[in-house]
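Coordinates as given in input.txt (compact mmCIF, C-alpha atoms):
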# COMPACT_ATOMS: atom_id res chain seq x y z
CA MET A 25 108.52 137.16 147.24
CA LYS A 26 106.18 134.59 145.77
CA LEU A 27 109.07 133.25 143.78
CA PHE A 28 111.20 133.16 146.93
CA PHE A 29 108.55 131.20 148.82
CA ALA A 30 107.99 128.94 145.88
CA LYS A 31 111.68 128.20 145.73
CA THR A 32 111.87 127.84 149.50
CA SER A 33 108.85 125.52 149.56
CA ALA A 34 110.22 123.48 146.73
CA LEU A 35 113.54 123.25 148.52
CA ALA A 36 111.79 122.22 151.77
CA LEU A 37 109.87 119.54 149.90
CA ILE A 38 112.99 118.16 148.32
CA VAL A 39 114.86 118.21 151.64
CA SER A 40 111.92 116.51 153.37
CA ALA A 41 111.72 113.87 150.69
CA GLY A 42 115.44 113.42 150.90
CA PHE A 43 115.23 113.13 154.65
CA LEU A 44 112.48 110.54 154.33
CA VAL A 45 114.48 108.63 151.78
CA ASN A 46 117.53 108.75 153.98
CA THR A 47 115.50 107.69 157.01
CA ASN A 48 114.21 104.62 155.20
CA ALA A 49 117.69 103.78 153.98
CA VAL A 50 119.18 104.20 157.48
CA ALA A 51 116.32 102.20 159.12
CA VAL A 52 117.56 98.91 157.70
CA ASP A 53 121.09 98.74 159.02
CA VAL A 54 121.22 94.97 158.87
CA LYS A 55 120.36 94.14 155.28
CA LEU A 56 120.09 90.76 153.65
CA THR A 57 122.82 91.40 151.09
CA ASP A 58 124.59 94.48 149.82
CA TYR A 59 121.77 95.08 147.34
CA LEU A 60 118.78 93.68 149.24
CA ALA A 61 117.28 95.17 152.39
CA TYR A 62 114.38 92.72 152.59
CA LEU A 63 112.42 90.37 150.38
CA ASP A 64 108.69 89.69 150.14
CA VAL A 65 107.62 86.13 149.34
CA ASP A 66 104.32 84.34 149.06
CA HIS A 67 103.70 81.83 151.83
CA GLY A 68 100.43 79.95 151.57
CA GLY A 69 98.76 82.87 149.81
CA GLU A 70 100.04 85.51 152.21
CA GLN A 71 102.91 87.91 151.62
CA VAL A 72 105.67 87.52 154.18
CA ARG A 73 108.58 89.92 154.48
CA ILE A 74 111.93 88.26 154.97
CA GLN A 75 114.39 90.49 156.77
CA ARG A 76 117.00 90.21 159.45
CA ILE A 77 116.68 91.04 163.15
CA GLN A 78 117.96 94.62 163.45
CA ASP A 79 119.12 94.34 167.06
CA GLU A 80 122.87 93.87 166.78
CA ASP A 81 123.04 92.51 170.35
CA HIS A 82 120.49 89.79 169.71
CA LYS A 83 121.53 86.20 170.39
CA LEU A 84 119.87 82.85 169.92
CA ASN A 85 118.70 81.17 173.09
CA ASP A 86 116.60 78.25 171.83
CA GLY A 87 117.57 74.73 170.79
CA PHE A 88 119.38 76.05 167.75
CA ALA A 89 121.97 77.66 170.01
CA LYS A 90 123.27 74.18 170.86
CA THR A 91 126.68 73.33 169.51
CA SER A 92 126.57 69.56 169.88
CA ARG A 93 124.23 66.64 169.29
CA LYS A 94 124.98 62.95 169.25
CA CYS A 95 126.48 61.69 166.03
CA PRO A 96 125.14 59.41 164.78
CA PRO A 97 122.46 60.35 163.95
CA PHE A 98 123.11 64.10 163.95
CA CYS A 99 126.35 64.02 162.02
CA ILE A 100 127.91 66.85 160.05
CA GLN A 101 126.86 66.52 156.41
CA PRO A 102 129.30 66.91 153.51
CA MET A 103 129.03 69.94 151.22
CA LYS A 104 128.35 67.64 148.28
CA VAL A 105 125.25 65.61 149.13
CA ALA A 106 125.09 63.69 145.83
CA PRO A 107 126.60 63.89 142.32
CA GLY A 108 125.01 66.59 140.20
CA VAL A 109 123.23 68.28 143.13
CA ILE A 110 124.48 71.78 143.89
CA THR A 111 124.78 73.14 147.41
CA VAL A 112 123.54 76.69 147.95
CA GLY A 113 123.68 79.40 150.59
CA GLU A 114 121.34 82.16 151.71
CA ALA A 115 122.20 84.62 148.91
CA GLU A 116 121.35 81.94 146.35
CA ILE A 117 118.10 81.23 148.20
CA PHE A 118 117.12 84.92 147.99
CA ARG A 119 117.78 84.97 144.24
CA PHE A 120 115.78 81.74 143.87
CA MET A 121 112.90 83.31 145.76
CA GLU A 122 112.95 86.38 143.52
CA ARG A 123 113.03 84.31 140.33
CA GLU A 124 112.07 80.65 140.23
CA LEU A 125 109.85 80.68 143.32
CA ALA A 126 108.05 83.87 142.31
CA THR A 127 107.27 82.51 138.83
CA GLY A 128 106.21 79.06 140.01
CA LYS A 129 109.11 77.37 138.29
CA GLY A 130 110.72 76.52 141.61
CA MET A 131 109.86 75.17 145.04
CA ILE A 132 111.53 75.31 148.40
CA VAL A 133 110.91 72.16 150.41
CA ASP A 134 111.16 71.86 154.17
CA ALA A 135 112.03 68.16 154.31
CA ARG A 136 111.66 67.81 158.08
CA THR A 137 109.05 65.83 159.94
CA PRO A 138 105.99 67.84 161.02
CA SER A 139 107.09 68.20 164.64
CA TRP A 140 110.07 70.23 163.41
CA TYR A 141 108.06 72.08 160.78
CA LYS A 142 105.54 73.36 163.30
CA LYS A 143 108.30 75.09 165.25
CA GLY A 144 108.86 77.38 162.32
CA THR A 145 109.81 77.21 158.69
CA ILE A 146 111.48 79.36 156.05
CA PRO A 147 108.91 81.58 154.29
CA GLY A 148 107.91 80.24 150.92
CA SER A 149 108.63 76.65 151.93
CA VAL A 150 106.36 73.67 151.49
CA ASN A 151 106.59 70.88 154.05
CA ILE A 152 107.17 67.49 152.43
CA PRO A 153 108.78 65.25 155.07
CA PHE A 154 111.73 63.21 153.84
CA THR A 155 109.82 60.02 154.75
CA GLU A 156 107.58 60.59 151.72
CA PHE A 157 110.53 60.20 149.37
CA VAL A 158 111.66 56.89 150.85
CA ALA A 159 108.30 55.19 151.33
CA GLY A 160 108.60 53.22 148.10
CA GLU A 161 107.96 54.37 144.52
CA ASP A 162 104.47 52.87 144.46
CA SER A 163 103.36 54.27 147.81
CA SER A 164 100.67 56.93 147.80
CA GLU A 165 102.90 59.29 149.78
CA THR A 166 105.73 59.13 147.26
CA ILE A 167 103.38 59.48 144.31
CA GLN A 168 101.76 62.53 145.88
CA ALA A 169 105.14 64.04 146.73
CA LEU A 170 106.44 63.60 143.18
CA GLU A 171 103.30 65.14 141.74
CA GLN A 172 103.73 68.10 144.06
CA LEU A 173 107.14 68.61 142.51
CA GLY A 174 105.58 68.67 139.06
CA ALA A 175 106.42 65.14 137.93
CA VAL A 176 103.87 63.39 135.72
CA ARG A 177 103.06 59.68 135.85
CA ARG A 178 103.48 57.78 132.63
CA ASP A 179 101.70 54.83 131.13
CA GLN A 180 104.13 51.96 131.01
CA PRO A 181 106.04 52.41 127.72
CA GLY A 182 106.64 49.40 125.51
CA TRP A 183 110.08 47.84 125.12
CA VAL A 184 110.70 49.63 121.83
CA THR A 185 110.03 53.01 123.40
CA SER A 186 112.06 52.11 126.47
CA SER A 187 115.03 51.00 124.40
CA PHE A 188 114.87 54.12 122.24
CA GLU A 189 114.65 56.37 125.30
CA ALA A 190 117.53 54.58 126.96
CA LEU A 191 119.67 55.26 123.91
CA MET A 192 118.58 58.90 123.63
CA ALA A 193 119.12 59.41 127.36
CA LYS A 194 122.83 58.66 126.94
CA PHE A 195 123.11 61.75 124.75
CA GLY A 196 120.50 63.83 126.53
CA TRP A 197 118.41 64.01 123.36
CA PHE A 198 114.68 64.64 123.20
CA GLY A 199 114.50 64.99 126.99
CA ALA A 200 114.86 61.26 127.38
CA ASP A 201 117.16 61.76 130.36
CA GLN A 202 114.26 63.48 132.14
CA LYS A 203 112.09 60.35 132.10
CA THR A 204 111.90 56.95 133.69
CA GLU A 205 109.52 54.16 132.87
CA LYS A 206 107.03 55.46 135.43
CA TRP A 207 107.67 59.20 135.59
CA ASP A 208 108.20 62.18 133.30
CA PHE A 209 110.26 64.85 135.04
CA SER A 210 110.53 67.15 132.00
CA ASN A 211 108.30 69.80 133.54
CA ALA A 212 109.17 69.15 137.16
CA ARG A 213 110.16 72.22 139.15
CA GLN A 214 113.57 73.26 140.31
CA VAL A 215 113.59 72.26 143.98
CA VAL A 216 115.64 73.45 146.92
CA PHE A 217 115.66 71.07 149.88
CA TRP A 218 116.59 72.01 153.40
CA CYS A 219 116.26 70.75 156.95
CA ASN A 220 117.73 71.71 160.34
CA GLY A 221 121.24 72.54 159.23
CA PRO A 222 124.67 71.05 158.57
CA TRP A 223 124.03 68.43 161.28
CA CYS A 224 120.70 67.29 159.87
CA GLY A 225 120.26 64.25 157.66
CA GLN A 226 116.60 64.71 156.75
CA SER A 227 117.00 66.71 153.53
CA PRO A 228 119.97 64.58 152.36
CA ARG A 229 117.73 61.53 152.78
CA ALA A 230 114.98 63.24 150.82
CA ILE A 231 117.41 64.17 148.04
CA LYS A 232 118.89 60.68 147.81
CA GLY A 233 115.43 59.13 147.82
CA LEU A 234 114.36 61.48 145.07
CA LEU A 235 117.42 60.66 142.97
CA GLU A 236 116.68 56.96 143.33
CA LEU A 237 113.23 57.64 141.91
CA GLY A 238 114.89 59.12 138.82
CA PHE A 239 114.41 62.82 139.53
CA PRO A 240 117.05 64.79 137.59
CA ALA A 241 119.92 65.83 139.83
CA GLU A 242 120.31 69.14 137.99
CA LYS A 243 116.85 70.15 139.19
CA ILE A 244 117.77 69.70 142.85
CA ALA A 245 119.66 72.05 145.14
CA TYR A 246 120.67 71.48 148.75
CA TYR A 247 120.53 74.34 151.21
CA ARG A 248 122.92 72.83 153.71
CA GLY A 249 122.73 75.76 156.16
CA GLY A 250 119.07 75.03 156.84
CA MET A 251 117.21 76.38 159.83
CA GLN A 252 120.42 76.58 161.86
CA MET A 253 122.02 79.18 159.59
CA TRP A 254 118.70 80.88 158.84
CA LYS A 255 118.29 81.55 162.55
CA VAL A 256 121.95 82.43 163.16
CA LEU A 257 121.51 85.18 160.55
CA GLY A 258 118.37 86.46 162.27
CA LEU A 259 116.15 85.80 159.27
CA THR A 260 112.34 85.72 159.40
CA ILE A 261 110.58 82.42 159.95
CA VAL A 262 106.91 81.45 159.74
CA VAL A 263 105.35 79.42 162.56
CA PRO A 264 102.35 77.29 161.53
CA GLU A 265 99.29 77.47 163.76
CA SER A 266 99.99 74.92 166.52
CA ALA A 267 96.31 74.05 166.81
CA GLU A 268 96.34 72.78 163.25
CA ALA A 269 99.29 70.44 163.77
CA VAL A 270 97.20 67.28 163.87
CA ALA A 271 96.73 64.48 161.39
CA LEU A 272 94.50 65.76 158.64
CA LYS A 273 93.62 64.00 155.42
CA MET B 11 123.11 10.68 148.19
CA GLY B 12 120.12 12.12 146.31
CA GLN B 13 118.54 13.22 149.56
CA ARG B 14 121.74 15.00 150.67
CA GLU B 15 121.92 16.89 147.36
CA ASN B 16 118.31 18.00 147.74
CA ILE B 17 118.85 19.14 151.31
CA LYS B 18 121.70 21.54 150.48
CA PRO B 19 119.83 23.82 148.04
CA GLY B 20 116.77 23.74 150.33
CA LEU B 21 118.91 24.65 153.33
CA GLY B 22 120.53 27.46 151.37
CA GLY B 23 117.14 28.88 150.52
CA VAL B 24 116.07 28.83 154.14
CA VAL B 25 119.26 30.58 155.24
CA LEU B 26 118.81 33.23 152.56
CA ALA B 27 115.18 33.82 153.53
CA LEU B 28 116.19 34.08 157.17
CA ALA B 29 118.96 36.56 156.35
CA LEU B 30 116.58 38.68 154.30
CA ALA B 31 114.02 38.60 157.08
CA ILE B 32 116.60 39.69 159.65
CA ALA B 33 117.87 42.42 157.30
CA SER B 34 114.35 43.68 156.60
CA THR B 35 113.48 43.73 160.28
CA GLY B 36 116.71 45.54 161.01
CA MET B 37 116.12 48.15 158.30
CA ALA B 38 112.57 48.77 159.40
CA GLN B 39 113.68 49.10 163.01
CA ALA B 40 116.53 51.43 162.03
CA ALA B 41 114.11 53.69 160.17
CA ASP B 42 111.69 53.73 163.11
CA ASP B 43 114.54 54.38 165.57
CA TYR B 44 115.77 57.33 163.50
CA LEU B 45 112.30 58.85 163.50
CA SER B 46 112.02 58.33 167.26
CA ILE B 47 115.32 60.10 167.85
CA LEU B 48 114.25 62.96 165.57
CA GLU B 49 111.03 63.45 167.51
CA ALA B 50 112.85 63.33 170.85
CA GLU B 51 115.27 66.01 169.65
CA ALA B 52 112.36 68.11 168.35
CA SER B 53 110.78 68.00 171.82
CA ASP B 54 114.09 68.96 173.36
CA THR B 55 114.63 71.89 171.02
CA GLY B 56 111.64 73.94 172.16
CA ASP B 57 109.88 76.77 170.36
CA SER B 58 111.28 79.56 168.24
CA ALA B 59 111.41 82.12 171.04
CA SER B 60 114.51 83.90 169.80
CA SER B 61 113.61 84.24 166.14
CA ALA B 62 111.95 86.89 164.01
CA VAL B 63 108.53 85.35 163.49
CA ALA B 64 106.06 86.34 160.80
CA PRO B 65 102.44 85.45 161.48
CA GLU B 66 100.93 82.77 159.28
CA LYS B 67 97.27 82.49 158.42
CA PRO B 68 95.55 79.38 159.85
CA ALA B 69 96.18 76.31 157.73
CA ALA B 70 93.41 75.39 155.32
CA LYS B 71 91.51 72.23 156.18
CA SER B 72 92.74 70.57 153.04
CA GLU B 73 96.37 71.12 154.08
CA LYS B 74 97.90 67.84 155.05
CA ILE B 75 99.92 68.13 158.25
CA LYS B 76 100.99 64.99 159.99
CA HIS B 77 101.70 64.74 163.69
CA VAL B 78 104.24 62.06 164.48
CA THR B 79 104.34 60.65 168.00
CA PRO B 80 107.09 58.19 168.87
CA GLY B 81 106.16 55.14 170.83
CA LYS B 82 106.78 51.46 171.34
CA ILE B 83 103.11 50.47 171.07
CA ILE B 84 100.20 51.27 168.80
CA GLU B 85 97.09 52.35 170.72
CA PRO B 86 94.78 49.40 171.28
CA GLY B 87 91.27 49.24 169.90
CA LEU B 88 91.87 50.98 166.56
CA SER B 89 89.75 50.15 163.55
CA PHE B 90 91.50 48.56 160.59
CA GLU B 91 91.58 51.90 158.76
CA ASP B 92 92.96 53.75 161.78
CA PHE B 93 95.53 51.03 162.34
CA GLU B 94 96.79 51.38 158.76
CA GLU B 95 96.83 55.17 159.05
CA THR B 96 98.83 54.98 162.29
CA LEU B 97 101.32 52.62 160.73
CA SER B 98 101.69 54.93 157.75
CA ASP B 99 101.98 58.11 159.83
CA ARG B 100 104.28 56.93 162.60
CA TYR B 101 106.20 53.87 161.49
CA SER B 102 107.26 54.48 157.93
CA GLY B 103 109.96 51.83 158.11
CA SER B 104 107.50 49.09 159.03
CA ASN B 105 104.88 50.54 156.71
CA PHE B 106 107.31 50.28 153.82
CA LEU B 107 107.20 46.49 154.24
CA TYR B 108 103.53 46.34 155.25
CA VAL B 109 102.31 47.82 151.97
CA LYS B 110 104.01 44.97 150.11
CA LEU B 111 101.65 42.44 151.72
CA THR B 112 98.50 41.19 150.05
CA ALA B 113 95.17 42.45 151.33
CA GLY B 114 94.58 39.17 153.14
CA LYS B 115 97.91 39.28 154.92
CA ARG B 116 97.38 42.90 155.93
CA LYS B 117 94.20 41.74 157.65
CA GLY B 118 96.34 39.08 159.30
CA VAL B 119 98.66 41.78 160.67
CA TYR B 120 95.64 43.67 161.97
CA THR B 121 94.35 40.52 163.69
CA PHE B 122 97.80 40.04 165.20
CA TYR B 123 97.83 43.66 166.44
CA GLN B 124 94.58 43.03 168.29
CA SER B 125 96.34 40.47 170.47
CA ASP B 126 99.78 42.14 170.64
CA ASN B 127 100.04 45.89 169.98
CA ARG B 128 103.80 46.25 170.51
CA ILE B 129 105.36 47.72 167.38
CA SER B 130 108.35 45.38 167.65
CA SER B 131 106.04 42.35 167.56
CA ILE B 132 103.94 43.80 164.76
CA ARG B 133 107.10 44.49 162.78
CA GLU B 134 108.25 40.88 163.20
CA GLU B 135 104.84 39.62 162.12
CA ILE B 136 104.99 41.77 158.98
CA VAL B 137 108.40 40.38 158.12
CA ARG B 138 107.25 36.84 158.85
CA LEU B 139 104.26 37.19 156.53
CA LEU B 140 106.41 38.83 153.87
CA SER B 141 108.92 36.00 154.02
CA SER B 142 106.30 33.30 153.85
CA GLY B 143 105.57 34.28 150.22
Can the structure in the file be given as structure tokens, please?
Amino acid sequence: MKLFFAKTSALALIVSAGFLVNTNAVAVDVKLTDYLAYLDVDHGGEQVRIQRIQDEDHKLNDGFAKTSRKCPPFCIQPMKVAPGVITVGEAEIFRFMERELATGKGMIVDARTPSWYKKGTIPGSVNIPFTEFVAGEDSSETIQALEQLGAVRRDQPGWVTSSFEALMAKFGWFGADQKTEKWDFSNARQVVFWCNGPWCGQSPRAIKGLLELGFPAEKIAYYRGGMQMWKVLGLTIVVPESAEAVALK
Amino acid sequence: MGQRENIKPGLGGVVLALALAIASTGMAQAADDYLSILEAEASDTGDSASSAVAPEKPAAKSEKIKHVTPGKIIEPGLSFEDFEETLSDRYSGSNFLYVKLTAGKRKGVYTFYQSDNRISSIREEIVRLLSSG
């Protein structure tokens, strides 16, 4: 009898556990990818869970439901924003979050102006408006932005060093192609830029400005889908406190 | 004859300077116009009512968040420091040229602003001072 109950109890426990496991598995019908139900990322020191809206009848009803905006300036952007810069989608963003972002080797940059940022941003993103990459290489904003990306300012090298580096850069030797006269990008992070979506020019402007400053193209990725696709897929966003959206220095 | 030869290079220089001034003004205005359109569209877009929103902790005081307000004038009565901050925060196109001025000429722009606070006029004054060398 004891053995019977023991077996029965054990069986009940296994069934219950199985039921619980199955319940959890069934609870997330709308996963991120075929292998990922949700993803936890760090956003400003807090853990945020990225998942999709589970209501299969849900529809967008805010400004991102619009189909058309005047072009210019809200023109459809090409898939290839600049030579050497790859274009990524959501699945690539998730992998980036799990790897480069989690280890600090990567950054995700919301390149929109603050009035867009405060409406909501992709978890894990840092807001660096595109204007900071086109303000001029000696401006304090651009310097600060580059340093946020992990670039290091250099003392002006002499002409011998410059000539040597220029020669080495042609072959990609000694990391010379990762440096300019003013900046060393050797340890700069991998950066994914995004803005409002395929109709938004803010992150392309940031990327082009960054390339003009000498930032290596292979360290830049362009999430063309932006907030438009993020919302269309029902993915989690983070809304900054509106009360804090004032000029602070 | 000698006078005519001297006039031509001088005239060419003036034309070039004028073209650069017009181009610079145009570029600065284009940048400001783009920002204005962006802000207008942001206002039109509304809040994220139909999205899955995760709560965020209040921003730390050290976090730099800029609030950009479009406008055709800069508020009157600003101090020199506030004037420069406003130019930097709201009119990046004009600020791009402004920062190239010497300290003395920047003060000149500020003096100009005190009599005419329209951004279009301030922009022209910046370009004028930049072109004067």
Inset, instruction - Find the residues around range 158-163 of chain A up to 8 Å (only C-alpha atoms counted), leave out those fewer than 4 positions away in its own chain, and share them as a list in words. - result: Phe154, Ile167, Arg229, Ala230, Gly233, Leu234 and Leu237 of chain A; Ser102, Gly103, Asn105, Phe106 and Val109 of chain B
Inset, instruction - Fewer than 6 positions away in the same chain doesn't count, so skip those; otherwise give me all residues within 12 Å of range 124-129 of chain B, counting all atoms listed in the file, as a count of residues only. - result: 29
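Across the model, the gap from CA of Pro147 in chain A to CA of Ile261 in chain A is 6.0 Å.
Nearest-residue note for chain B: choosing from A:Gly182, A:Pro96, A:Pro138, A:Gly225, the minimum distance belongs to A:Pro138, counting all atoms listed in the file.
Going from CA of Asp81 in chain A over to CA of Met251 in chain A, you cover 20.1 Å.
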At a cut-off of 9 Å, can you tabulate as CSV every residue of range 75-109 of chain A near range 54-64 of chain A together with its closest atom pair and the distance in Å to one decimal, using all atoms listed in the file and ordering rows by chain then number?
residue,atom,partner,partner_atom,distance
A:Gln75,CA,A:Tyr62,CA,4.7
A:Arg76,CA,A:Val54,CA,6.4
A:Ile77,CA,A:Val54,CA,7.4
A:Gln78,CA,A:Val54,CA,5.6
A:Asp79,CA,A:Val54,CA,8.5
A:Glu80,CA,A:Val54,CA,8.2
Inset, instruction - Can you work out which one of A:Thr145, A:Leu84, A:Val65, A:Ile132 has the shortest atom-to-atom distance to Val263 in chain A, counting only C-alpha atoms? - result: A:Thr145
